[in-house]
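These notes concern the structure reproduced below.
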Amino acid sequence: MLMIKRLYIGLLVAVATAVVGTGCSVKYSFSGASVNYALSKTVSVGYFNNMAAMVAPILSPTFTDELKSKLASQTRLQVVPEDGDLSFTGEITGYSSDPVAISGEEYAMMNRLTITVKVKFVNKAEPRFSFEKTFSNYEDYNTNVLLTQAEGTLIPQIVEKLVDDIFNEALSNW
């Protein structure tokens, strides 16, 4: 048994030495961001106008501010007004409330607020990571509550999920 333990430890040491010796590197980040800070120092976020058929006044500023806040708090990038090494631009293309849970009497029990955002991400230093993509997310709410009453709570929840999805797509190169 002692011989097996020594062999196992010897194998672990050999593997660790081989990995260190080959110059492999791994980027660790508690936020999940994988940013090459040697190439990218700044990030800019354009204002995301609401181009959806239905408009909520708080949506555009809430979304834009949340994306900037996430980038500032989860990376070492400096948020600049424009022309960053990394940049996010786009628009809100969808904002809709639809019934999702119908009762046996054919009445809606729950509604779903869905927000869709079209995002263009540009990485000047590493263009292969650039993309133009549409993101969508939602929250359900009770039909006893009017959308105008619920959106103050729902919009921040949906925006947080959208920003997480966008952040992960752009900066988590796994």
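In the structure tokens, the first chain shown is A, the next is B, and so on; residue numbers restart at 1 for each chain, and ligands run from 1 in the order shown.
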
(request) Within 6 Å of segment 111-118 of chain A, counting only C-alpha atoms, which residues show up once you throw out same-chain ones fewer than 4 positions away? Write them as a ChimeraX atom specification, please. (result) /A:90-100,133-141,143

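Shell of Ser40 of chain A at 9 Å, with only C-alpha atoms counted and residues fewer than 3 places along the chain excluded, is Val35, Asn36, Tyr37, Val43, Leu77, Gly84, Asp85, Leu86, Asn123, Lys124 and Ala125 of chain A.
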
Output file for the residues above (all heavy atoms, as a PDB file, in the first residue's frame):
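Final output, saved to out.pdb:
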```pdb
ATOM      1  N   VAL A  35     -10.200  38.254 -19.713  1.00  0.00           N
ATOM      2  CA  VAL A  35      -9.808  39.424 -20.495  1.00  0.00           C
ATOM      3  C   VAL A  35      -8.292  39.455 -20.595  1.00  0.00           C
ATOM      4  O   VAL A  35      -7.597  39.267 -19.597  1.00  0.00           O
ATOM      5  CB  VAL A  35     -10.304  40.727 -19.829  1.00  0.00           C
ATOM      6  CG1 VAL A  35      -9.835  41.949 -20.591  1.00  0.00           C
ATOM      7  CG2 VAL A  35     -11.814  40.722 -19.707  1.00  0.00           C
ATOM      8  N   ASN A  36      -7.790  39.708 -21.789  1.00  0.00           N
ATOM      9  CA  ASN A  36      -6.353  39.874 -21.973  1.00  0.00           C
ATOM     10  C   ASN A  36      -6.023  41.330 -21.661  1.00  0.00           C
ATOM     11  O   ASN A  36      -6.103  42.198 -22.525  1.00  0.00           O
ATOM     12  CB  ASN A  36      -5.952  39.499 -23.398  1.00  0.00           C
ATOM     13  CG  ASN A  36      -4.458  39.512 -23.587  1.00  0.00           C
ATOM     14  OD1 ASN A  36      -3.720  40.088 -22.802  1.00  0.00           O
ATOM     15  ND2 ASN A  36      -4.005  38.859 -24.637  1.00  0.00           N
ATOM     16  N   TYR A  37      -5.664  41.607 -20.402  1.00  0.00           N
ATOM     17  CA  TYR A  37      -5.421  42.977 -19.963  1.00  0.00           C
ATOM     18  C   TYR A  37      -4.168  43.583 -20.583  1.00  0.00           C
ATOM     19  O   TYR A  37      -3.991  44.792 -20.550  1.00  0.00           O
ATOM     20  CB  TYR A  37      -5.372  43.054 -18.438  1.00  0.00           C
ATOM     21  CG  TYR A  37      -6.711  42.789 -17.800  1.00  0.00           C
ATOM     22  CD1 TYR A  37      -6.973  41.567 -17.206  1.00  0.00           C
ATOM     23  CD2 TYR A  37      -7.711  43.746 -17.826  1.00  0.00           C
ATOM     24  CE1 TYR A  37      -8.212  41.313 -16.634  1.00  0.00           C
ATOM     25  CE2 TYR A  37      -8.952  43.491 -17.258  1.00  0.00           C
ATOM     26  CZ  TYR A  37      -9.199  42.275 -16.660  1.00  0.00           C
ATOM     27  OH  TYR A  37     -10.424  42.026 -16.109  1.00  0.00           O
ATOM     28  N   VAL A  43     -13.093  49.905 -21.964  1.00  0.00           N
ATOM     29  CA  VAL A  43     -14.333  49.382 -22.537  1.00  0.00           C
ATOM     30  C   VAL A  43     -15.323  50.539 -22.634  1.00  0.00           C
ATOM     31  O   VAL A  43     -15.383  51.393 -21.750  1.00  0.00           O
ATOM     32  CB  VAL A  43     -14.921  48.211 -21.702  1.00  0.00           C
ATOM     33  CG1 VAL A  43     -15.274  48.640 -20.296  1.00  0.00           C
ATOM     34  CG2 VAL A  43     -16.126  47.587 -22.397  1.00  0.00           C
ATOM     35  N   LEU A  77     -11.093  46.655 -16.451  1.00  0.00           N
ATOM     36  CA  LEU A  77     -11.189  47.582 -17.574  1.00  0.00           C
ATOM     37  C   LEU A  77     -11.714  48.930 -17.103  1.00  0.00           C
ATOM     38  O   LEU A  77     -12.596  49.006 -16.253  1.00  0.00           O
ATOM     39  CB  LEU A  77     -12.137  47.023 -18.641  1.00  0.00           C
ATOM     40  CG  LEU A  77     -11.698  45.723 -19.314  1.00  0.00           C
ATOM     41  CD1 LEU A  77     -12.846  45.129 -20.109  1.00  0.00           C
ATOM     42  CD2 LEU A  77     -10.489  45.963 -20.210  1.00  0.00           C
ATOM     43  N   GLY A  84     -13.586  52.473 -26.830  1.00  0.00           N
ATOM     44  CA  GLY A  84     -12.817  51.594 -25.952  1.00  0.00           C
ATOM     45  C   GLY A  84     -12.149  50.478 -26.733  1.00  0.00           C
ATOM     46  O   GLY A  84     -12.501  50.198 -27.885  1.00  0.00           O
ATOM     47  N   ASP A  85     -11.165  49.847 -26.119  1.00  0.00           N
ATOM     48  CA  ASP A  85     -10.525  48.673 -26.739  1.00  0.00           C
ATOM     49  C   ASP A  85     -11.571  47.583 -26.969  1.00  0.00           C
ATOM     50  O   ASP A  85     -11.503  46.831 -27.934  1.00  0.00           O
ATOM     51  CB  ASP A  85      -9.410  48.143 -25.838  1.00  0.00           C
ATOM     52  CG  ASP A  85      -8.312  49.162 -25.599  1.00  0.00           C
ATOM     53  OD1 ASP A  85      -8.011  49.944 -26.530  1.00  0.00           O
ATOM     54  OD2 ASP A  85      -7.752  49.188 -24.487  1.00  0.00           O
ATOM     55  N   LEU A  86     -12.520  47.515 -26.061  1.00  0.00           N
ATOM     56  CA  LEU A  86     -13.696  46.656 -26.201  1.00  0.00           C
ATOM     57  C   LEU A  86     -14.895  47.593 -26.242  1.00  0.00           C
ATOM     58  O   LEU A  86     -14.910  48.606 -25.541  1.00  0.00           O
ATOM     59  CB  LEU A  86     -13.842  45.707 -25.010  1.00  0.00           C
ATOM     60  CG  LEU A  86     -12.650  44.844 -24.634  1.00  0.00           C
ATOM     61  CD1 LEU A  86     -12.950  44.041 -23.379  1.00  0.00           C
ATOM     62  CD2 LEU A  86     -12.270  43.920 -25.769  1.00  0.00           C
ATOM     63  N   ASN A 123     -14.077  43.664 -30.208  1.00  0.00           N
ATOM     64  CA  ASN A 123     -12.820  43.494 -29.495  1.00  0.00           C
ATOM     65  C   ASN A 123     -11.724  43.872 -30.487  1.00  0.00           C
ATOM     66  O   ASN A 123     -11.386  43.090 -31.370  1.00  0.00           O
ATOM     67  CB  ASN A 123     -12.664  42.047 -29.026  1.00  0.00           C
ATOM     68  CG  ASN A 123     -11.429  41.823 -28.192  1.00  0.00           C
ATOM     69  OD1 ASN A 123     -10.413  42.493 -28.366  1.00  0.00           O
ATOM     70  ND2 ASN A 123     -11.508  40.861 -27.292  1.00  0.00           N
ATOM     71  N   LYS A 124     -11.202  45.092 -30.365  1.00  0.00           N
ATOM     72  CA  LYS A 124     -10.218  45.604 -31.324  1.00  0.00           C
ATOM     73  C   LYS A 124      -8.931  44.784 -31.331  1.00  0.00           C
ATOM     74  O   LYS A 124      -8.339  44.553 -32.382  1.00  0.00           O
ATOM     75  CB  LYS A 124      -9.880  47.064 -31.022  1.00  0.00           C
ATOM     76  CG  LYS A 124     -10.995  48.024 -31.314  1.00  0.00           C
ATOM     77  CD  LYS A 124     -10.554  49.442 -30.972  1.00  0.00           C
ATOM     78  CE  LYS A 124     -11.670  50.427 -31.167  1.00  0.00           C
ATOM     79  NZ  LYS A 124     -11.278  51.777 -30.744  1.00  0.00           N
ATOM     80  N   ALA A 125      -8.485  44.355 -30.164  1.00  0.00           N
ATOM     81  CA  ALA A 125      -7.225  43.634 -30.053  1.00  0.00           C
ATOM     82  C   ALA A 125      -7.343  42.185 -30.535  1.00  0.00           C
ATOM     83  O   ALA A 125      -6.400  41.643 -31.098  1.00  0.00           O
ATOM     84  CB  ALA A 125      -6.728  43.658 -28.614  1.00  0.00           C
TER      85      ALA A 125
END
```

(message) Can you tell me which residues surround segment 149-165 of chain A at a distance of at most 6 Å, considering only C-alpha atoms, apart from same-chain residues fewer than 2 positions away, and format the answer as a list in words?
(response) Phe63, Leu67, Tyr138, Leu146, Leu147, Phe167 and Asn168 of chain A

Next, the residues of the selection above should be written as a short mmCIF file (atom, residue, chain, number, x, y, z; two decimals), in the first residue's frame with all heavy atoms.
```cif
data_model
loop_
_atom_site.label_atom_id
_atom_site.label_comp_id
_atom_site.auth_asym_id
_atom_site.auth_seq_id
_atom_site.Cartn_x
_atom_site.Cartn_y
_atom_site.Cartn_z
N PHE A 63 -30.83 49.25 -18.53
CA PHE A 63 -29.98 48.28 -19.21
C PHE A 63 -28.57 48.82 -19.41
O PHE A 63 -27.58 48.15 -19.09
CB PHE A 63 -30.59 47.88 -20.57
CG PHE A 63 -29.71 46.91 -21.31
CD1 PHE A 63 -29.78 45.56 -21.03
CD2 PHE A 63 -28.79 47.35 -22.25
CE1 PHE A 63 -28.95 44.66 -21.68
CE2 PHE A 63 -27.96 46.46 -22.90
CZ PHE A 63 -28.04 45.11 -22.62
N LEU A 67 -25.10 47.28 -17.59
CA LEU A 67 -23.98 46.73 -18.36
C LEU A 67 -22.67 47.44 -17.98
O LEU A 67 -21.65 46.79 -17.75
CB LEU A 67 -24.25 46.83 -19.86
CG LEU A 67 -23.20 46.21 -20.78
CD1 LEU A 67 -22.92 44.75 -20.45
CD2 LEU A 67 -23.65 46.34 -22.24
N TYR A 138 -36.63 36.64 -19.82
CA TYR A 138 -37.99 36.92 -19.38
C TYR A 138 -38.17 36.68 -17.89
O TYR A 138 -37.35 36.05 -17.24
CB TYR A 138 -38.98 36.05 -20.15
CG TYR A 138 -38.80 34.58 -19.87
CD1 TYR A 138 -39.46 33.96 -18.81
CD2 TYR A 138 -37.95 33.81 -20.66
CE1 TYR A 138 -39.27 32.62 -18.54
CE2 TYR A 138 -37.76 32.46 -20.40
CZ TYR A 138 -38.42 31.87 -19.34
OH TYR A 138 -38.22 30.55 -19.06
N LEU A 146 -51.07 44.55 -12.94
CA LEU A 146 -50.89 45.22 -14.22
C LEU A 146 -49.40 45.29 -14.56
O LEU A 146 -48.56 45.41 -13.67
CB LEU A 146 -51.45 46.64 -14.18
CG LEU A 146 -52.95 46.78 -13.97
CD1 LEU A 146 -53.33 48.25 -13.80
CD2 LEU A 146 -53.70 46.19 -15.16
N LEU A 147 -49.09 45.24 -15.85
CA LEU A 147 -47.69 45.32 -16.27
C LEU A 147 -47.03 46.59 -15.75
O LEU A 147 -45.89 46.56 -15.27
CB LEU A 147 -47.59 45.26 -17.80
CG LEU A 147 -46.17 45.43 -18.37
CD1 LEU A 147 -45.23 44.37 -17.84
CD2 LEU A 147 -46.21 45.41 -19.89
N PHE A 167 -22.30 39.56 -20.85
CA PHE A 167 -20.98 39.57 -20.24
C PHE A 167 -20.28 38.23 -20.46
O PHE A 167 -19.12 38.19 -20.87
CB PHE A 167 -21.13 39.86 -18.74
CG PHE A 167 -19.83 39.91 -17.98
CD1 PHE A 167 -19.13 41.11 -17.86
CD2 PHE A 167 -19.32 38.78 -17.36
CE1 PHE A 167 -17.95 41.17 -17.14
CE2 PHE A 167 -18.13 38.84 -16.65
CZ PHE A 167 -17.44 40.02 -16.54
N ASN A 168 -20.98 37.15 -20.20
CA ASN A 168 -20.39 35.80 -20.37
C ASN A 168 -20.04 35.53 -21.82
O ASN A 168 -18.99 34.95 -22.11
CB ASN A 168 -21.33 34.73 -19.82
CG ASN A 168 -21.40 34.76 -18.31
OD1 ASN A 168 -20.48 35.21 -17.63
ND2 ASN A 168 -22.52 34.32 -17.77
#
```

Skipping near chain neighbours, those fewer than 4 positions away, what residues fall within 8 Å of Ser60 of chain A using only C-alpha atoms, listed as an mmCIF file with N, CA, C and O atoms, in the first residue's frame?
```cif
data_model
loop_
_atom_site.group_PDB
_atom_site.id
_atom_site.type_symbol
_atom_site.label_atom_id
_atom_site.label_comp_id
_atom_site.auth_asym_id
_atom_site.auth_seq_id
_atom_site.Cartn_x
_atom_site.Cartn_y
_atom_site.Cartn_z
ATOM 1 N N TYR A 47 -25.276 53.924 -25.546
ATOM 2 C CA TYR A 47 -26.633 53.929 -24.993
ATOM 3 C C TYR A 47 -27.518 53.006 -25.830
ATOM 4 O O TYR A 47 -27.557 53.104 -27.056
ATOM 5 N N PHE A 48 -28.211 52.092 -25.186
ATOM 6 C CA PHE A 48 -29.088 51.133 -25.865
ATOM 7 C C PHE A 48 -30.491 51.733 -25.956
ATOM 8 O O PHE A 48 -31.255 51.688 -24.994
ATOM 9 N N ASN A 49 -30.802 52.304 -27.110
ATOM 10 C CA ASN A 49 -32.131 52.881 -27.332
ATOM 11 C C ASN A 49 -33.176 51.782 -27.390
ATOM 12 O O ASN A 49 -32.915 50.684 -27.879
ATOM 13 N N ASN A 50 -34.378 52.104 -26.938
ATOM 14 C CA ASN A 50 -35.475 51.158 -26.990
ATOM 15 C C ASN A 50 -36.220 51.340 -28.303
ATOM 16 O O ASN A 50 -36.941 52.314 -28.484
ATOM 17 N N THR A 64 -28.454 50.032 -19.948
ATOM 18 C CA THR A 64 -27.141 50.621 -20.232
ATOM 19 C C THR A 64 -26.322 50.756 -18.952
ATOM 20 O O THR A 64 -25.140 50.388 -18.925
ATOM 21 N N ILE A 92 -32.493 47.879 -27.908
ATOM 22 C CA ILE A 92 -33.529 47.000 -27.377
ATOM 23 C C ILE A 92 -34.539 46.819 -28.501
ATOM 24 O O ILE A 92 -35.099 47.791 -29.005
#
```

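Reported to one decimal place, the separation of atom CA of Ser34 of chain A from atom CA of Arg76 of chain A is 10.9 Å.
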
(request) May I have all residues of segment 10-174 of chain A that DSSP, computed from the backbone, assigns to helix (DSSP H, G or I), given as a PyMOL selection string? (result) chain A and resi 10-21+59-74+127-129+147-171

(request) Can you work out the spacing between atom CA of Glu106 of chain A and atom CA of Ala52 of chain A in Å, to one decimal? (result) 28.5 Å

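For the pair atom CA of Leu71 of chain A and atom CA of Thr89 of chain A, the interatomic distance is 13.8 Å.
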